[in-house]
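**Q** I'd like to ask you about the structure that follows.
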There are 2 protein chains.
Amino acid sequence: MNFKSVPEIWAAIQQGQWRKPTSGLAPGYTQANVVILPKKEAFDFLLYCYRNEKPCPIIDVTDPGQPSPPVAGPHADIRYHVPRYRVYRHGELEKEVDDIAELYTDDMVTFLIGCSFTFEEALIQAGIPVRHIEENRNVPMYITNIQTTPAGIFSGPMVVSMRPMPEAMAQQAAEITAPFRKAHGGPVHIGDPAAIGIKDIHRVDFGEPPVIREGEVPVFWACGVTPQMALKNAKPPLVITHSPGYMFITTITEEELRRQ
Amino acid sequence: MNFKSVPEIWAAIQQGQWRKPTSGLAPGYTQANVVILPKKEAFDFLLYCYRNEKPCPIIDVTDPGQPSPPVAGPHADIRYHVPRYRVYRHGELEKEVDDIAELYTDDMVTFLIGCSFTFEEALIQAGIPVRHIEENRNVPMYITNIQTTPAGIFSGPMVVSMRPMPEAMAQQAAEITAPFRKAHGGPVHIGDPAAIGIKDIHRVDFGEPPVIREGEVPVFWACGVTPQMALKNAKPPLVITHSPGYMFITTITEEELRRQ
């Protein structure tokens, strides 16, 4: 399908014409992780994100019961415009659904959280390889021994994504990504995986194993799976997220996000 | 009195040996505005601050009932270490008190909000005049026609502080203050007061009237009085703040704050 605008994509999703992952769906526009919680847990989660800005960069938060993200999609309806949702009760996946109209009560708060996919185009533009794209794989992700700062019921380890590159390019990659504060910013670690508790770089916790060439170093960025780990630990009575890969597409361009 | 450390100042305050404004009390250390609210209103207020980072830069937030700001003073006790508190009920000032031990229930959340006083030393170091310090006055502050982004029960106009300076220095002042994100950052406006709804620059809404010399332009920064206006509009059942000028002294140095 060929879409002319982000609202057209939202409409297609709502009408059931797009039930696939969103990777590559709206080039130039920021895609976001979705976390929806009752207000009772929302203060703790907002505080958790504030205290852990690197793994949990907030792009937008709604008022309770409001279905439109005021900054990231004022004309969107979060109840219908994500291609697939996951509903968790007390930490257990209950079901996957196509809309959440019945679950989105006056009490529900939507959080949109940034994703490192946003800065990959900038790396490619600078001639830095993004291996998992080249190889058409999912990015390798690892649970580290870096602990996030707890807030209320939320706590857990930081999860990182990894992109291997020639050692001489790592510093440049750090400088390019640092301004993308709302997409995890600069790397949290460059080099020795053991230093952040990763025993075997070829054994991933999420995503697909890496392809690392000779002379390359692993570069690690904080990852949006971190808040999902914290949600699993907290086991709130109800939480709704996007299904992995089925992100919310915002009307914020990647260039706008870089300047935030 | 001569204090050797911030914890020594906290102890003196707790023992009743310092019941005065804190200006100049701990050179080099960041002072913060204090807002304490029950958890019920804390989500809305945290969201308001997040949506209005320039006037409401958050330095630290406690978990409910925790008396120590984890980042800004892990060994402080917010119930005793502010020289004077104000207690508001439904938007009305009820009383001023020396400690809040009895009011600080398990439910109370403390917010520490940055203050533009933090970057004044950096301006002075660069040879930029800070007139209200030269003249030993309070900084002039104005209510503008810039509306903040509402969140839940909180809304209201942006309040700004103003420092006049030779026109040629305004750009440099903007560059020096921009990195102080947690102390209001760069100016929100330079020049014509009418453009942001200020009819008469000599008639202030808070603080003291300015002293402006020939060839000088007014430079306006977002001001920490903004969240106080929002609190007045919202009229929550209970809110505790510092008394104006009687700030909380953090263990974060001004240089550390500049890098946050």
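Naming works like this for the structure tokens: A, B, ... for the chains as they're shown, residue 1 at the start of each chain, ligands 1 onward in shown order.
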Neighbours of Ile36 in chain A within 12 Å (only C-alpha atoms; same-chain residues fewer than 4 positions away dropped), as a short mmCIF file (atom, residue, chain, number, x, y, z; two decimals) with N, CA and C atoms, in the first residue's frame?

**A**
data_model
loop_
_atom_site.label_atom_id
_atom_site.label_comp_id
_atom_site.auth_asym_id
_atom_site.auth_seq_id
_atom_site.Cartn_x
_atom_site.Cartn_y
_atom_site.Cartn_z
N LYS A 40 -3.98 5.22 38.49
CA LYS A 40 -3.43 4.78 39.78
C LYS A 40 -1.95 4.41 39.67
N GLU A 41 -1.56 3.76 38.58
CA GLU A 41 -0.16 3.39 38.40
C GLU A 41 0.61 4.42 37.56
N ALA A 42 -0.11 5.40 36.99
CA ALA A 42 0.52 6.30 36.02
C ALA A 42 1.55 7.23 36.66
N PHE A 45 4.75 5.32 37.02
CA PHE A 45 5.37 5.05 35.73
C PHE A 45 5.97 6.32 35.12
N LEU A 46 5.27 7.45 35.25
CA LEU A 46 5.80 8.72 34.75
C LEU A 46 7.08 9.07 35.50
N ASP A 60 5.38 11.62 24.54
CA ASP A 60 4.09 12.25 24.81
C ASP A 60 3.35 11.45 25.89
N VAL A 61 2.50 12.14 26.64
CA VAL A 61 1.64 11.52 27.64
C VAL A 61 0.26 12.18 27.53
N THR A 62 -0.80 11.37 27.56
CA THR A 62 -2.15 11.96 27.51
C THR A 62 -2.66 12.27 28.92
N ASP A 63 -3.63 13.16 29.00
CA ASP A 63 -4.42 13.29 30.22
C ASP A 63 -5.25 12.02 30.36
N PRO A 64 -5.66 11.66 31.59
CA PRO A 64 -6.47 10.45 31.77
C PRO A 64 -7.72 10.46 30.89
N GLY A 65 -7.96 9.38 30.19
CA GLY A 65 -9.16 9.23 29.38
C GLY A 65 -9.10 9.87 28.01
N GLN A 66 -8.10 10.73 27.78
CA GLN A 66 -7.98 11.40 26.48
C GLN A 66 -7.39 10.42 25.47
N PRO A 67 -8.02 10.21 24.34
CA PRO A 67 -7.50 9.23 23.37
C PRO A 67 -6.46 9.80 22.39
N PRO A 69 -2.89 11.74 21.61
CA PRO A 69 -1.62 12.25 22.14
C PRO A 69 -1.44 13.71 21.70
N ILE A 78 -5.83 6.81 19.96
CA ILE A 78 -4.95 5.72 20.39
C ILE A 78 -5.72 4.42 20.60
N ARG A 79 -7.06 4.49 20.65
CA ARG A 79 -7.87 3.28 20.84
C ARG A 79 -7.94 2.43 19.57
N TYR A 85 -2.54 -4.62 19.60
CA TYR A 85 -2.30 -4.31 21.02
C TYR A 85 -2.11 -5.60 21.80
N ARG A 86 -1.40 -5.48 22.93
CA ARG A 86 -1.31 -6.58 23.88
C ARG A 86 -1.93 -6.12 25.20
N VAL A 87 -2.76 -6.96 25.78
CA VAL A 87 -3.42 -6.66 27.05
C VAL A 87 -2.81 -7.59 28.11
N TYR A 88 -2.22 -6.98 29.13
CA TYR A 88 -1.64 -7.75 30.24
C TYR A 88 -2.46 -7.52 31.52
N ILE A 100 -8.82 -1.11 21.33
CA ILE A 100 -8.99 -1.17 22.79
C ILE A 100 -10.12 -0.24 23.25
N LEU A 103 -11.62 -1.06 26.59
CA LEU A 103 -10.72 -1.02 27.75
C LEU A 103 -10.31 0.39 28.12
N TYR A 104 -10.42 1.32 27.16
CA TYR A 104 -9.88 2.67 27.36
C TYR A 104 -10.89 3.55 28.10
N THR A 105 -10.96 3.34 29.41
CA THR A 105 -11.90 4.11 30.24
C THR A 105 -11.37 5.52 30.51
N ASP A 107 -10.12 6.62 32.88
CA ASP A 107 -9.04 6.55 33.85
C ASP A 107 -7.70 6.22 33.20
N MET A 108 -7.71 5.89 31.91
CA MET A 108 -6.49 5.36 31.28
C MET A 108 -5.59 6.48 30.75
N VAL A 109 -4.28 6.28 30.93
CA VAL A 109 -3.27 7.25 30.51
C VAL A 109 -2.35 6.57 29.49
N THR A 110 -2.12 7.23 28.35
CA THR A 110 -1.24 6.70 27.32
C THR A 110 0.14 7.36 27.39
N PHE A 111 1.17 6.53 27.40
CA PHE A 111 2.55 7.00 27.32
C PHE A 111 3.13 6.58 25.97
N LEU A 112 3.75 7.52 25.27
CA LEU A 112 4.49 7.19 24.05
C LEU A 112 5.98 7.34 24.35
N ILE A 113 6.74 6.31 24.08
CA ILE A 113 8.16 6.25 24.44
C ILE A 113 8.99 6.07 23.19
N PRO A 227 11.43 -0.38 29.81
CA PRO A 227 10.16 -0.18 30.55
C PRO A 227 9.26 -1.41 30.51
N GLN A 228 9.35 -2.22 29.45
CA GLN A 228 8.54 -3.44 29.42
C GLN A 228 8.98 -4.42 30.50
N LEU A 231 7.56 -3.16 33.68
CA LEU A 231 6.13 -3.48 33.75
C LEU A 231 5.93 -4.94 34.14
N PRO A 236 1.20 -4.69 37.22
CA PRO A 236 -0.01 -3.90 37.52
C PRO A 236 -1.26 -4.67 37.07
N PRO A 237 -2.42 -4.40 37.72
CA PRO A 237 -3.64 -5.14 37.39
C PRO A 237 -3.96 -5.12 35.89
N LEU A 238 -3.71 -3.97 35.24
CA LEU A 238 -4.00 -3.86 33.80
C LEU A 238 -2.96 -2.97 33.14
N VAL A 239 -2.38 -3.44 32.05
CA VAL A 239 -1.55 -2.58 31.20
C VAL A 239 -1.73 -3.03 29.76
N ILE A 240 -1.81 -2.04 28.88
CA ILE A 240 -1.94 -2.31 27.45
C ILE A 240 -0.70 -1.77 26.76
N THR A 241 -0.10 -2.56 25.86
CA THR A 241 1.03 -2.07 25.07
C THR A 241 0.75 -2.37 23.59
N HIS A 242 1.58 -1.81 22.70
CA HIS A 242 1.57 -2.26 21.31
C HIS A 242 2.14 -3.68 21.27
#

**Q** Pick out each residue of range 35-259 of chain A that DSSP on the backbone tags as helix (DSSP H, G or I); I need them as number ranges by chain.

**A** A: 39-51, 116-125, 131-134, 167-177, 181-183, 193-196, 225-234, 254-258

**Q** Per DSSP on the backbone, filter range 67-142 of chain A down to the residues in strand (DSSP E) and report them as a PyMOL selection string.

**A** chain A and resi 85-89+92-97+108-113+141-142

**Q** Output the selection as a PDB file, in the first residue's frame - C-alpha atoms for each residue.

**A**
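Ended up saving to selection-v2.pdb:
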ATOM      1  CA  TYR A  85      -2.296  -4.308  21.016  1.00  0.00           C
ATOM      2  CA  ARG A  86      -1.314  -6.575  23.882  1.00  0.00           C
ATOM      3  CA  VAL A  87      -3.416  -6.662  27.048  1.00  0.00           C
ATOM      4  CA  TYR A  88      -1.639  -7.753  30.243  1.00  0.00           C
ATOM      5  CA  ARG A  89      -3.374  -8.494  33.583  1.00  0.00           C
ATOM      6  CA  GLU A  92       0.424 -11.996  32.312  1.00  0.00           C
ATOM      7  CA  LEU A  93      -0.405 -11.593  28.628  1.00  0.00           C
ATOM      8  CA  GLU A  94      -4.182 -12.018  28.406  1.00  0.00           C
ATOM      9  CA  LYS A  95      -4.762 -11.413  24.710  1.00  0.00           C
ATOM     10  CA  GLU A  96      -3.833  -9.561  21.533  1.00  0.00           C
ATOM     11  CA  VAL A  97      -6.524  -7.276  20.093  1.00  0.00           C
ATOM     12  CA  MET A 108      -6.494   5.355  31.279  1.00  0.00           C
ATOM     13  CA  VAL A 109      -3.273   7.248  30.510  1.00  0.00           C
ATOM     14  CA  THR A 110      -1.235   6.703  27.317  1.00  0.00           C
ATOM     15  CA  PHE A 111       2.554   6.997  27.321  1.00  0.00           C
ATOM     16  CA  LEU A 112       4.495   7.190  24.053  1.00  0.00           C
ATOM     17  CA  ILE A 113       8.157   6.251  24.443  1.00  0.00           C
ATOM     18  CA  MET A 141      19.093  -6.761  22.454  1.00  0.00           C
ATOM     19  CA  TYR A 142      20.565  -7.748  25.828  1.00  0.00           C
TER      20      TYR A 142
END

**Q** As a CSV table (one decimal) with all heavy atoms, in the first residue's frame, please: the residues near Asn145 in chain A (cut-off 10 Å, only C-alpha atoms, same-chain neighbours under 2 positions excluded).

**A**
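Full text of result_30.csv as output:
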chain,number,residue,atom,x,y,z
A,142,TYR,N,20.0,-7.0,24.7
A,142,TYR,CA,20.6,-7.7,25.8
A,142,TYR,C,20.1,-7.1,27.1
A,142,TYR,O,20.0,-5.9,27.3
A,142,TYR,CB,22.1,-7.7,25.8
A,142,TYR,CG,22.7,-8.1,24.5
A,142,TYR,CD1,22.9,-7.1,23.5
A,142,TYR,CD2,23.1,-9.4,24.3
A,142,TYR,CE1,23.4,-7.5,22.3
A,142,TYR,CE2,23.7,-9.8,23.1
A,142,TYR,CZ,23.8,-8.8,22.1
A,142,TYR,OH,24.4,-9.2,20.8
A,143,ILE,N,19.9,-8.0,28.1
A,143,ILE,CA,19.7,-7.5,29.5
A,143,ILE,C,21.0,-7.3,30.1
A,143,ILE,O,21.9,-8.2,30.1
A,143,ILE,CB,18.9,-8.6,30.3
A,143,ILE,CG1,17.5,-8.8,29.7
A,143,ILE,CG2,18.8,-8.2,31.8
A,143,ILE,CD1,16.7,-10.0,30.3
A,147,GLN,N,21.4,-1.3,36.7
A,147,GLN,CA,20.1,-1.3,37.3
A,147,GLN,C,19.5,0.1,37.0
A,147,GLN,O,20.2,1.1,37.1
A,147,GLN,CB,20.1,-1.5,38.8
A,147,GLN,CG,20.4,-2.9,39.2
A,147,GLN,CD,19.4,-3.9,38.6
A,147,GLN,OE1,18.2,-3.8,38.8
A,147,GLN,NE2,19.9,-5.0,37.9
A,148,THR,N,18.2,0.2,36.6
A,148,THR,CA,17.5,1.4,36.5
A,148,THR,C,17.2,2.0,37.9
A,148,THR,O,17.3,1.2,38.9
A,148,THR,CB,16.2,1.3,35.7
A,148,THR,OG1,15.4,0.4,36.4
A,148,THR,CG2,16.5,0.8,34.3
A,156,GLY,N,14.0,-2.5,37.7
A,156,GLY,CA,14.5,-3.6,36.8
A,156,GLY,C,15.8,-3.2,36.1
A,156,GLY,O,16.3,-2.1,36.3
A,157,PRO,N,16.4,-4.2,35.4
A,157,PRO,CA,17.6,-3.9,34.7
A,157,PRO,C,17.4,-3.1,33.4
A,157,PRO,O,16.3,-3.1,32.8
A,157,PRO,CB,18.1,-5.3,34.3
A,157,PRO,CG,16.9,-6.1,34.1
A,157,PRO,CD,15.9,-5.5,35.1
A,158,MET,N,18.5,-2.4,33.0
A,158,MET,CA,18.5,-1.7,31.7
A,158,MET,C,18.7,-2.7,30.6
A,158,MET,O,19.6,-3.6,30.7
A,158,MET,CB,19.5,-0.6,31.6
A,158,MET,CG,19.4,0.2,30.3
A,158,MET,SD,20.8,1.4,30.1
A,158,MET,CE,20.5,2.5,31.4
A,159,VAL,N,17.8,-2.7,29.5
A,159,VAL,CA,18.0,-3.5,28.3
A,159,VAL,C,18.7,-2.6,27.3
A,159,VAL,O,18.4,-1.4,27.2
A,159,VAL,CB,16.7,-4.0,27.8
A,159,VAL,CG1,16.9,-4.8,26.5
A,159,VAL,CG2,16.0,-4.9,28.9
A,194,ALA,N,31.3,-7.7,28.6
A,194,ALA,CA,31.3,-8.1,30.0
A,194,ALA,C,31.2,-7.0,31.0
A,194,ALA,O,30.7,-7.1,32.1
A,194,ALA,CB,32.6,-8.9,30.2
A,195,ALA,N,31.7,-5.8,30.6
A,195,ALA,CA,31.7,-4.6,31.5
A,195,ALA,C,30.2,-4.2,31.9
A,195,ALA,O,30.0,-3.6,32.9
A,195,ALA,CB,32.4,-3.5,30.8
A,196,ILE,N,29.2,-4.6,31.1
A,196,ILE,CA,27.9,-4.3,31.4
A,196,ILE,C,27.0,-5.6,31.6
A,196,ILE,O,25.8,-5.6,31.5
A,196,ILE,CB,27.2,-3.3,30.4
A,196,ILE,CG1,27.2,-3.9,29.0
A,196,ILE,CG2,27.8,-1.9,30.5
A,196,ILE,CD1,26.4,-3.1,28.0
A,197,GLY,N,27.8,-6.7,31.9
A,197,GLY,CA,27.1,-7.9,32.3
A,197,GLY,C,26.6,-8.8,31.2
A,197,GLY,O,25.8,-9.7,31.5
A,198,ILE,N,27.1,-8.6,30.0
A,198,ILE,CA,26.7,-9.4,28.9
A,198,ILE,C,27.8,-10.5,28.7
A,198,ILE,O,28.9,-10.2,28.3
A,198,ILE,CB,26.5,-8.6,27.6
A,198,ILE,CG1,25.4,-7.6,27.8
A,198,ILE,CG2,26.2,-9.5,26.4
A,198,ILE,CD1,25.4,-6.5,26.7
